$ cat entry_28.cif   # mmCIF, C-alpha atoms
data_model
loop_
_atom_site.label_atom_id
_atom_site.label_comp_id
_atom_site.auth_asym_id
_atom_site.auth_seq_id
_atom_site.Cartn_x
_atom_site.Cartn_y
_atom_site.Cartn_z
CA MET A 1 66.44 -2.74 -13.81
CA LYS A 2 63.97 -5.59 -14.19
CA THR A 3 60.22 -5.54 -14.65
CA ILE A 4 58.29 -7.34 -11.89
CA LYS A 5 57.01 -10.70 -13.07
CA GLY A 6 53.32 -11.45 -13.07
CA PRO A 7 50.45 -11.56 -12.62
CA ALA A 8 50.44 -14.73 -10.51
CA ILE A 9 48.05 -16.26 -7.99
CA PHE A 10 48.41 -18.08 -4.66
CA LEU A 11 46.26 -21.19 -4.98
CA ALA A 12 45.64 -21.87 -1.27
CA GLN A 13 42.29 -20.08 -1.07
CA PHE A 14 40.95 -21.64 -4.28
CA TYR A 15 41.28 -25.37 -3.66
CA GLY A 16 37.90 -27.08 -3.37
CA ASP A 17 35.83 -30.21 -3.81
CA LYS A 18 34.22 -29.25 -7.12
CA PRO A 19 35.71 -28.74 -10.61
CA PRO A 20 37.81 -26.94 -11.64
CA PHE A 21 39.22 -26.46 -8.13
CA ASN A 22 39.57 -30.11 -7.09
CA THR A 23 42.60 -31.01 -9.25
CA ILE A 24 45.88 -29.30 -10.07
CA ASP A 25 45.09 -29.58 -13.78
CA GLY A 26 41.66 -28.03 -13.37
CA ILE A 27 42.81 -25.15 -11.21
CA CYS A 28 45.77 -24.39 -13.47
CA GLN A 29 43.57 -24.36 -16.56
CA TRP A 30 41.21 -21.99 -14.74
CA ALA A 31 44.03 -19.66 -13.62
CA SER A 32 45.51 -19.60 -17.10
CA SER A 33 42.14 -18.82 -18.67
CA LEU A 34 41.89 -15.72 -16.48
CA GLY A 35 45.27 -14.48 -17.70
CA TYR A 36 47.58 -15.47 -14.85
CA LYS A 37 51.15 -16.31 -15.77
CA GLY A 38 52.28 -17.93 -12.53
CA VAL A 39 51.00 -19.96 -9.59
CA GLN A 40 52.30 -20.12 -6.02
CA ILE A 41 51.63 -23.68 -4.90
CA PRO A 42 50.82 -24.76 -1.32
CA THR A 43 52.55 -27.99 -0.34
CA TRP A 44 50.28 -29.37 2.38
CA ASP A 45 47.59 -31.02 0.23
CA VAL A 46 48.87 -34.13 -1.54
CA ARG A 47 45.96 -34.00 -3.99
CA TYR A 48 47.70 -31.07 -5.65
CA PHE A 49 51.35 -31.44 -4.69
CA ASP A 50 53.35 -34.38 -3.32
CA LEU A 51 56.11 -32.59 -1.41
CA GLU A 52 58.09 -35.68 -0.46
CA LYS A 53 58.05 -37.05 -4.00
CA VAL A 54 59.04 -33.78 -5.67
CA ALA A 55 61.88 -33.44 -3.14
CA ASN A 56 63.24 -36.94 -3.71
CA ASP A 57 62.48 -37.69 -7.36
CA THR A 58 63.92 -35.30 -9.92
CA VAL A 59 62.15 -37.06 -12.79
CA PHE A 60 58.80 -36.58 -11.08
CA ALA A 61 59.69 -32.97 -10.27
CA ASN A 62 60.44 -32.26 -13.92
CA GLU A 63 57.19 -33.93 -14.97
CA TYR A 64 55.23 -31.86 -12.45
CA LYS A 65 56.86 -28.64 -13.63
CA ALA A 66 56.11 -29.57 -17.26
CA LYS A 67 52.48 -30.13 -16.34
CA ILE A 68 52.20 -26.62 -14.88
CA ASN A 69 54.06 -25.16 -17.87
CA SER A 70 51.67 -26.90 -20.27
CA TYR A 71 48.96 -24.47 -19.13
CA GLY A 72 51.14 -21.47 -19.93
CA LEU A 73 52.05 -21.04 -16.26
CA GLU A 74 55.22 -20.93 -14.22
CA ILE A 75 55.61 -22.00 -10.61
CA THR A 76 56.51 -18.81 -8.73
CA GLU A 77 57.25 -20.34 -5.34
CA LEU A 78 56.17 -23.22 -3.16
CA SER A 79 54.48 -22.43 0.15
CA THR A 80 54.80 -24.10 3.56
CA HIS A 81 52.78 -21.59 5.56
CA LEU A 82 51.02 -24.28 7.60
CA GLN A 83 54.12 -26.41 8.17
CA GLY A 84 56.26 -23.37 9.02
CA GLN A 85 53.73 -22.37 11.66
CA LEU A 86 54.43 -25.67 13.42
CA ILE A 87 58.16 -25.02 13.81
CA ALA A 88 57.25 -22.93 16.86
CA VAL A 89 53.95 -23.31 18.72
CA ASN A 90 53.36 -21.98 22.22
CA PRO A 91 51.42 -24.53 24.32
CA ALA A 92 48.54 -22.05 24.51
CA TYR A 93 47.86 -22.83 20.84
CA ASP A 94 48.60 -26.57 20.78
CA LYS A 95 45.03 -27.71 20.19
CA LEU A 96 44.32 -25.13 17.52
CA PHE A 97 47.49 -25.73 15.52
CA ASP A 98 47.16 -29.49 15.75
CA GLY A 99 44.74 -29.00 12.87
CA PHE A 100 47.73 -28.19 10.64
CA ALA A 101 49.44 -31.52 11.40
CA PRO A 102 48.76 -35.09 10.20
CA ASP A 103 46.82 -37.38 12.52
CA SER A 104 50.03 -39.23 13.41
CA CYS A 105 51.39 -36.11 15.11
CA LYS A 106 48.31 -34.76 16.84
CA ASN A 107 48.52 -34.38 20.63
CA ASN A 108 52.29 -34.88 20.36
CA PRO A 109 54.12 -31.53 20.07
CA SER A 110 57.60 -33.06 19.77
CA GLU A 111 56.58 -35.32 16.88
CA ARG A 112 54.67 -32.48 15.27
CA TYR A 113 57.80 -30.36 15.38
CA LYS A 114 59.94 -33.13 13.85
CA TRP A 115 57.36 -33.56 11.08
CA ALA A 116 57.38 -29.81 10.35
CA VAL A 117 61.19 -29.70 10.18
CA GLN A 118 61.20 -32.54 7.66
CA GLN A 119 58.53 -30.78 5.62
CA LEU A 120 60.62 -27.60 5.43
CA LYS A 121 63.75 -29.51 4.45
CA TRP A 122 61.83 -31.30 1.74
CA ALA A 123 60.51 -27.92 0.61
CA ALA A 124 64.07 -26.68 0.16
CA LYS A 125 64.99 -29.67 -1.99
CA ALA A 126 61.69 -29.60 -3.89
CA SER A 127 62.24 -25.92 -4.71
CA GLN A 128 65.72 -26.71 -5.98
CA ASN A 129 64.41 -29.60 -8.09
CA LEU A 130 61.83 -27.28 -9.65
CA GLY A 131 64.42 -24.59 -10.40
CA LEU A 132 62.94 -22.07 -7.94
CA ASN A 133 64.97 -19.49 -6.03
CA ALA A 134 62.50 -18.43 -3.32
CA HIS A 135 60.11 -20.14 -0.91
CA ALA A 136 57.19 -18.78 1.18
CA THR A 137 56.50 -19.69 4.81
CA PHE A 138 55.57 -18.53 8.33
CA SER A 139 57.97 -18.31 11.27
CA GLY A 140 55.67 -19.78 13.90
CA SER A 141 55.43 -18.20 17.32
CA LEU A 142 56.48 -18.74 20.91
CA LEU A 143 55.69 -15.18 22.03
CA TRP A 144 52.60 -13.92 20.20
CA GLN A 145 50.24 -14.29 23.16
CA MET A 146 52.55 -11.84 24.96
CA VAL A 147 52.57 -9.22 22.22
CA TYR A 148 50.86 -6.76 24.59
CA PRO A 149 53.03 -6.31 27.71
CA TRP A 150 50.38 -7.08 30.32
CA PRO A 151 50.94 -8.83 32.56
CA GLN A 152 54.47 -7.52 32.49
CA ARG A 153 56.83 -9.75 30.58
CA PRO A 154 59.60 -11.20 32.76
CA ALA A 155 63.04 -9.78 32.02
CA GLY A 156 64.79 -11.75 29.30
CA LEU A 157 61.64 -13.51 28.08
CA VAL A 158 61.66 -11.99 24.58
CA ASP A 159 65.37 -12.59 24.14
CA GLU A 160 64.96 -16.22 25.19
CA GLY A 161 62.03 -16.65 22.82
CA PHE A 162 63.96 -15.37 19.81
CA THR A 163 67.01 -17.39 20.80
CA GLU A 164 64.89 -20.54 20.71
CA LEU A 165 63.17 -19.53 17.47
CA ALA A 166 66.56 -19.03 15.81
CA LYS A 167 67.79 -22.35 17.17
CA ARG A 168 64.89 -24.12 15.48
CA TRP A 169 65.18 -22.30 12.17
CA THR A 170 68.96 -22.19 11.68
CA PRO A 171 69.34 -25.81 10.46
CA ILE A 172 66.43 -25.24 8.09
CA LEU A 173 67.95 -22.01 6.78
CA ASN A 174 71.21 -23.89 6.23
CA GLU A 175 69.35 -26.51 4.21
CA PHE A 176 67.81 -23.81 2.06
CA ASP A 177 71.26 -22.30 1.61
CA ASN A 178 72.60 -25.68 0.49
CA CYS A 179 69.81 -25.80 -2.09
CA GLY A 180 70.34 -22.22 -3.28
CA VAL A 181 66.86 -21.04 -2.25
CA ASP A 182 65.82 -17.97 -0.23
CA LEU A 183 63.45 -18.75 2.65
CA CYS A 184 60.91 -15.92 2.70
CA TYR A 185 59.01 -15.33 5.93
CA GLU A 186 55.62 -13.71 5.53
CA VAL A 187 55.64 -11.08 8.26
CA HIS A 188 52.18 -11.58 9.69
CA ALA A 189 50.04 -11.09 12.80
CA GLY A 190 50.15 -14.22 14.95
CA GLU A 191 53.80 -14.89 14.08
CA ASP A 192 56.84 -13.88 16.10
CA LEU A 193 57.98 -12.16 12.90
CA HIS A 194 55.11 -9.68 12.61
CA ASP A 195 56.82 -6.35 11.83
CA GLY A 196 60.23 -4.91 11.01
CA ILE A 197 61.54 -4.80 14.57
CA SER A 198 60.63 -8.42 15.31
CA TYR A 199 62.23 -9.48 12.02
CA GLU A 200 65.43 -7.66 13.01
CA LEU A 201 65.44 -9.41 16.39
CA PHE A 202 65.29 -12.72 14.54
CA LEU A 203 67.98 -11.72 12.03
CA ASP A 204 70.36 -10.90 14.88
CA LYS A 205 69.76 -14.32 16.41
CA VAL A 206 70.44 -16.17 13.14
CA ASN A 207 73.59 -14.10 12.56
CA GLN A 208 72.11 -12.22 9.60
CA HIS A 209 71.67 -15.49 7.73
CA PRO A 210 71.65 -14.71 3.99
CA ARG A 211 68.65 -16.98 3.36
CA ALA A 212 66.44 -15.44 6.09
CA CYS A 213 64.47 -13.31 3.65
CA LEU A 214 61.01 -11.77 3.43
CA LEU A 215 57.68 -12.18 1.71
CA TYR A 216 56.20 -8.68 1.48
CA ASP A 217 52.45 -8.25 1.98
CA PRO A 218 51.24 -4.68 2.58
CA SER A 219 47.78 -5.73 3.78
CA HIS A 220 49.09 -6.94 7.14
CA PHE A 221 50.80 -3.63 7.72
CA VAL A 222 47.62 -1.61 7.03
CA LEU A 223 45.99 -3.51 9.91
CA GLN A 224 48.98 -2.65 12.16
CA CYS A 225 49.07 1.02 11.09
CA LEU A 226 52.66 0.45 9.89
CA ASP A 227 54.09 2.41 6.96
CA TYR A 228 54.11 -0.32 4.31
CA VAL A 229 55.87 1.85 1.70
CA THR A 230 58.91 2.91 3.72
CA TYR A 231 59.09 -0.69 4.99
CA ILE A 232 60.33 -1.49 1.46
CA ASP A 233 63.05 1.17 1.86
CA HIS A 234 64.26 -0.57 5.00
CA TYR A 235 64.13 -4.19 3.85
CA HIS A 236 64.22 -4.23 0.05
CA GLU A 237 67.46 -6.23 0.00
CA ARG A 238 65.69 -9.04 1.86
CA ILE A 239 62.33 -8.96 0.04
CA LYS A 240 62.38 -11.91 -2.37
CA ALA A 241 58.65 -12.72 -2.63
CA CYS A 242 55.45 -10.68 -2.65
CA HIS A 243 51.74 -11.11 -2.00
CA ILE A 244 49.47 -8.52 -3.57
CA LYS A 245 46.56 -8.27 -1.13
CA ASP A 246 44.37 -5.34 -0.11
CA ALA A 247 43.05 -4.30 3.30
CA GLU A 248 41.35 -1.43 5.09
CA PHE A 249 41.44 -0.03 8.60
CA ASN A 250 38.43 1.99 9.75
CA PRO A 251 38.60 2.58 13.51
CA ASN A 252 35.60 4.05 15.25
CA GLY A 253 34.41 4.95 18.74
CA LYS A 254 33.97 1.31 19.69
CA GLN A 255 36.96 -0.58 18.27
CA GLY A 256 40.42 -0.21 16.80
CA VAL A 257 43.38 -2.47 16.03
CA TYR A 258 42.31 -5.32 18.32
CA GLY A 259 38.88 -5.66 16.70
CA GLY A 260 36.72 -6.42 19.73
CA TYR A 261 36.65 -10.19 19.02
CA GLN A 262 34.47 -9.52 15.98
CA ASN A 263 34.37 -11.58 12.79
CA TRP A 264 36.13 -10.24 9.71
CA VAL A 265 33.15 -8.33 8.32
CA ASP A 266 32.67 -6.43 11.57
CA ARG A 267 36.29 -5.64 12.37
CA ALA A 268 37.79 -2.17 12.01
CA GLY A 269 40.68 -3.83 10.15
CA ARG A 270 39.76 -6.33 7.45
CA PHE A 271 41.07 -7.79 4.21
CA ARG A 272 39.53 -6.79 0.89
CA SER A 273 39.83 -7.76 -2.75
CA LEU A 274 42.29 -5.78 -4.84
CA GLY A 275 41.16 -2.20 -5.36
CA ASP A 276 38.47 -2.35 -2.68
CA GLY A 277 40.77 -1.49 0.23
CA GLN A 278 43.18 1.25 1.21
CA VAL A 279 46.59 0.00 0.02
CA ASP A 280 48.20 2.50 -2.36
CA PHE A 281 49.42 -0.03 -4.90
CA LYS A 282 50.77 2.66 -7.23
CA LYS A 283 53.28 3.55 -4.53
CA VAL A 284 53.94 -0.13 -3.74
CA PHE A 285 54.68 -1.10 -7.35
CA SER A 286 56.74 2.06 -7.90
CA LYS A 287 58.84 1.31 -4.83
CA LEU A 288 59.34 -2.34 -5.84
CA ALA A 289 60.39 -1.21 -9.31
CA HIS A 290 62.74 1.36 -7.80
CA TYR A 291 64.60 -1.37 -5.91
CA ASP A 292 64.55 -3.82 -8.81
CA PHE A 293 62.42 -6.43 -7.01
CA PRO A 294 63.33 -9.74 -8.68
CA GLY A 295 60.15 -11.74 -8.08
CA TRP A 296 56.50 -12.21 -8.92
CA ALA A 297 53.43 -10.14 -8.08
CA VAL A 298 51.27 -12.90 -6.55
CA LEU A 299 47.59 -12.30 -5.84
CA GLU A 300 46.48 -13.57 -2.44
CA TRP A 301 42.70 -13.49 -2.22
CA GLU A 302 41.26 -12.79 1.21
CA CYS A 303 38.14 -10.68 1.29
CA CYS A 304 35.41 -10.33 3.88
CA TYR A 305 32.81 -9.64 1.18
CA LYS A 306 33.66 -10.65 -2.37
CA LYS A 307 33.48 -14.18 -3.77
CA GLN A 308 36.93 -15.60 -4.46
CA GLU A 309 36.34 -16.28 -8.16
CA ASP A 310 35.35 -12.64 -8.67
CA GLY A 311 38.37 -11.47 -6.70
CA ALA A 312 40.63 -13.61 -8.89
CA ARG A 313 39.04 -12.43 -12.14
CA GLU A 314 39.31 -8.76 -11.17
CA GLY A 315 42.72 -9.24 -9.55
CA VAL A 316 44.55 -10.35 -12.68
CA GLU A 317 43.63 -7.13 -14.49
CA PHE A 318 44.41 -5.06 -11.42
CA ILE A 319 47.94 -6.49 -11.22
CA LYS A 320 48.49 -6.14 -14.97
CA ASN A 321 47.52 -2.47 -14.75
CA HIS A 322 49.91 -1.81 -11.86
CA ILE A 323 53.03 -3.64 -13.01
CA ILE A 324 55.50 -1.05 -14.22
CA ARG A 325 57.34 -1.95 -17.42
CA VAL A 326 60.72 -0.52 -16.53
CA THR A 327 62.19 1.74 -19.20
CA ASP A 328 65.70 1.25 -20.51
CA LYS A 329 66.24 4.93 -21.33
CA ALA A 330 65.88 8.35 -19.74
CA PHE A 331 63.03 10.57 -20.92
CA ASP A 332 65.46 13.36 -21.86
CA ASP A 333 67.96 11.22 -23.76
CA PHE A 334 67.02 13.09 -26.95
CA ALA A 335 68.63 16.22 -25.53
CA GLY A 336 71.91 14.58 -24.54
CA VAL A 337 75.28 14.82 -26.18
CA GLN A 338 77.80 12.11 -26.89
CA GLN A 339 80.14 11.36 -24.01
CA ASP A 340 83.56 12.87 -24.63
CA GLU A 341 86.16 13.64 -21.97
CA GLU A 342 87.65 16.60 -23.84
CA PHE A 343 84.21 18.09 -24.43
CA ASN A 344 83.40 17.72 -20.71
CA LYS A 345 86.61 19.59 -19.83
CA LYS A 346 85.67 22.44 -22.13
CA VAL A 347 82.21 22.64 -20.54
CA LEU A 348 83.85 22.85 -17.10
CA GLY A 349 86.45 25.36 -18.28
CA ILE A 350 89.38 23.14 -17.32
#

$ encode --input "entry_28.cif" --output "structure tokens"
Amino acid sequence: MKTIKGPAIFLAQFYGDKPPFNTIDGICQWASSLGYKGVQIPTWDVRYFDLEKVANDTVFANEYKAKINSYGLEITELSTHLQGQLIAVNPAYDKLFDGFAPDSCKNNPSERYKWAVQQLKWAAKASQNLGLNAHATFSGSLLWQMVYPWPQRPAGLVDEGFTELAKRWTPILNEFDNCGVDLCYEVHAGEDLHDGISYELFLDKVNQHPRACLLYDPSHFVLQCLDYVTYIDHYHERIKACHIKDAEFNPNGKQGVYGGYQNWVDRAGRFRSLGDGQVDFKKVFSKLAHYDFPGWAVLEWECCYKKQEDGAREGVEFIKNHIIRVTDKAFDDFAGVQQDEEFNKKVLGI
């Protein structure tokens, strides 16, 4: 068995206009100074990562990797959460998700889709060039606005939606397969892949594609009242990436899962910094260790109260204290006897 790698940090929520968060060098030096050993790098901001160049220039990719390594850090995965979202956008969300696309694609869904596909294919090649074996993304959604069945969904609508989703993702999954990289969907509210059942619907449509893997994040399951520990039992063979993020769900007489259109602070379900929510991380890390999870424990900071720098500083120690160093011996080895077939027969009386 392997020990989970970490602690690492997802940089998306820490980019900013002021030092040290306005350059990749500054933010890596900051992360390293806190004790992080890895960084998950978003690919949509060219100030920090030039996706096209890393995908098409192996010399540049090696130089970029060396830069990250010079701060005592490893790249855990690349992320295309924003670009992946644009692989499938229901027209109800066109205007909102246009904000994820470059100006050249705004108000043009077909061009936006083509741009997103190219981004994902570059991400596959960039991951390969950096020596990575997993990648983080979102599935996008054609059906989310119909998650509650009222008005009644027309017969065949869900099947058609997942058929189309699979049609869009299959060439991308094949590209990741060609590059030897697992494509890890973060199962997340707002995506067509938002729980185990929806993921299984997608898997069936992509013919159980070996690269259609998972990014595990228990916080999203707390907000859905889904058993995030036994989820690992069901899908551990597909879990290739992990976000360590906390959450809490406190329903009351006025609101529950849907949140009453409130902001994050006032919702019954909300994200918290590590240790401030309800996720039982001792069980999570034990279960990941049990199934020999091969990846990194990556902090994702999202908290309705705490400042992100404080969440990052506290989070590194929290992850360190929860990673289980897997033993290579049994606790009662001292009482064992040397293996011997004849001795075993005598013990059994045969």

$ closest_residue --input "entry_28.cif" --among "A:Arg47, A:Lys114, A:His188, A:Arg313" --to "Arg168 of chain A" --atoms "only C-alpha atoms"
A:Lys114

$ resolve_selection --input "entry_28.cif" --expression "the PyMOL selection byres ((chain A and resi 223-237) around 9)" --output "PDB file with C-alpha atoms, in the coordinates of the input"
ATOM      1  CA  ALA A 189      50.040 -11.090  12.800  1.00  0.00           C
ATOM      2  CA  ASP A 195      56.820  -6.350  11.830  1.00  0.00           C
ATOM      3  CA  GLY A 196      60.230  -4.910  11.010  1.00  0.00           C
ATOM      4  CA  CYS A 213      64.470 -13.310   3.650  1.00  0.00           C
ATOM      5  CA  LEU A 214      61.010 -11.770   3.430  1.00  0.00           C
ATOM      6  CA  TYR A 216      56.200  -8.680   1.480  1.00  0.00           C
ATOM      7  CA  ASP A 217      52.450  -8.250   1.980  1.00  0.00           C
ATOM      8  CA  PRO A 218      51.240  -4.680   2.580  1.00  0.00           C
ATOM      9  CA  SER A 219      47.780  -5.730   3.780  1.00  0.00           C
ATOM     10  CA  HIS A 220      49.090  -6.940   7.140  1.00  0.00           C
ATOM     11  CA  PHE A 221      50.800  -3.630   7.720  1.00  0.00           C
ATOM     12  CA  VAL A 222      47.620  -1.610   7.030  1.00  0.00           C
ATOM     13  CA  ARG A 238      65.690  -9.040   1.860  1.00  0.00           C
ATOM     14  CA  ILE A 239      62.330  -8.960   0.040  1.00  0.00           C
ATOM     15  CA  LYS A 240      62.380 -11.910  -2.370  1.00  0.00           C
ATOM     16  CA  ALA A 247      43.050  -4.300   3.300  1.00  0.00           C
ATOM     17  CA  GLU A 248      41.350  -1.430   5.090  1.00  0.00           C
ATOM     18  CA  PHE A 249      41.440  -0.030   8.600  1.00  0.00           C
ATOM     19  CA  VAL A 257      43.380  -2.470  16.030  1.00  0.00           C
ATOM     20  CA  ALA A 268      37.790  -2.170  12.010  1.00  0.00           C
ATOM     21  CA  GLY A 269      40.680  -3.830  10.150  1.00  0.00           C
ATOM     22  CA  ARG A 270      39.760  -6.330   7.450  1.00  0.00           C
ATOM     23  CA  PHE A 271      41.070  -7.790   4.210  1.00  0.00           C
ATOM     24  CA  VAL A 279      46.590   0.000   0.020  1.00  0.00           C
ATOM     25  CA  ASP A 280      48.200   2.500  -2.360  1.00  0.00           C
ATOM     26  CA  LYS A 283      53.280   3.550  -4.530  1.00  0.00           C
ATOM     27  CA  VAL A 284      53.940  -0.130  -3.740  1.00  0.00           C
ATOM     28  CA  LYS A 287      58.840   1.310  -4.830  1.00  0.00           C
ATOM     29  CA  LEU A 288      59.340  -2.340  -5.840  1.00  0.00           C
ATOM     30  CA  TYR A 291      64.600  -1.370  -5.910  1.00  0.00           C
ATOM     31  CA  ASP A 292      64.550  -3.820  -8.810  1.00  0.00           C
ATOM     32  CA  PHE A 293      62.420  -6.430  -7.010  1.00  0.00           C
TER      33      PHE A 293
END

$ residues_around --input "entry_28.cif" --residues "segment 101-105 of chain A" --least-positions-apart "4" --cutoff "10 Å" --atoms "only C-alpha atoms" --output "list in words"
Trp44, Leu82, Gln83, Leu86, Phe97, Pro109, Ser110, Glu111, Arg112, Tyr113, Lys114, Trp115 and Ala116 of chain A

$ axis_aligned_box --input "entry_28.cif" --around "segment 63-67 of chain A" --padding-each-side "8 Å" --output "AutoDock Vina command-line options"
--center_x 54.8 --center_y -31.3 --center_z -14.9 --size_x 20.7 --size_y 21.3 --size_z 20.8

$ atom_distance --input "entry_28.cif" --atom1 "atom CA of Ser141 of chain A" --atom2 "atom CA of Leu78 of chain A"
21.1 Å

$ resolve_selection --input "entry_28.cif" --expression "the PyMOL selection byres ((chain A and resi 173-186) around 6)" --output "ChimeraX atom specification"
/A:124,128,133-138,170-172,187-188,211-215

$ closest_residue --input "entry_28.cif" --among "A:Leu143, A:Val326, A:Val54, A:Ala297" --to "Leu193 of chain A" --atoms "all atoms listed in the file"
A:Leu143

$ atom_distance --input "entry_28.cif" --atom1 "atom CA of Ser79 of chain A" --atom2 "atom CA of Glu160 of chain A"
27.8 Å

$ atom_distance --input "entry_28.cif" --atom1 "atom CA of Lys282 of chain A" --atom2 "atom CA of Ile319 of chain A"
10.4 Å

$ closest_residue --input "entry_28.cif" --among "A:Gln145, A:Thr76, A:Gln118, A:Ser70" --to "Val89 of chain A" --atoms "all atoms listed in the file"
A:Gln145

$ resolve_selection --input "entry_28.cif" --expression "the PyMOL selection byres ((chain A and resi 15-17) around 12)" --output "PyMOL selection string"
chain A and resi 10-14+18-28+30-31+41-42+44-49+308-309

$ residues_around --input "entry_28.cif" --residues "Lys2 of chain A" --least-positions-apart "2" --cutoff "12 Å" --atoms "all atoms listed in the file" --output "PyMOL selection string"
chain A and resi 4-5+288-296+323-328

$ write_last_selection --input "entry_28.cif" --atoms "C-alpha atoms" --output "compact mmCIF listing (two decimals), in the frame of the given file"
# COMPACT_ATOMS: atom_id res chain seq x y z
CA ILE A 4 58.29 -7.34 -11.89
CA LYS A 5 57.01 -10.70 -13.07
CA LEU A 288 59.34 -2.34 -5.84
CA ALA A 289 60.39 -1.21 -9.31
CA HIS A 290 62.74 1.36 -7.80
CA TYR A 291 64.60 -1.37 -5.91
CA ASP A 292 64.55 -3.82 -8.81
CA PHE A 293 62.42 -6.43 -7.01
CA PRO A 294 63.33 -9.74 -8.68
CA GLY A 295 60.15 -11.74 -8.08
CA TRP A 296 56.50 -12.21 -8.92
CA ILE A 323 53.03 -3.64 -13.01
CA ILE A 324 55.50 -1.05 -14.22
CA ARG A 325 57.34 -1.95 -17.42
CA VAL A 326 60.72 -0.52 -16.53
CA THR A 327 62.19 1.74 -19.20
CA ASP A 328 65.70 1.25 -20.51

$ closest_residue --input "entry_28.cif" --among "A:Gln152, A:Asn250, A:Asn107, A:Gln85" --to "Gly190 of chain A" --atoms "all atoms listed in the file"
A:Gln85

$ closest_residue --input "entry_28.cif" --among "A:Gly349, A:Pro7, A:Gly140, A:Gly256" --to "His243 of chain A" --atoms "all atoms listed in the file"
A:Pro7

$ closest_residue --input "entry_28.cif" --among "A:Asp246, A:Met1, A:Glu300, A:Gln255" --to "Gly277 of chain A" --atoms "all atoms listed in the file"
A:Asp246

$ residues_around --input "entry_28.cif" --residues "Ala55 of chain A" --least-positions-apart "4" --cutoff "9 Å" --atoms "all atoms listed in the file" --output "list of chain:residue names"
A:Asp50, A:Leu51, A:Ala61, A:Lys121, A:Trp122, A:Ala123, A:Ala124, A:Lys125, A:Ala126, A:Ser127, A:Gln128, A:Asn129, A:Leu130
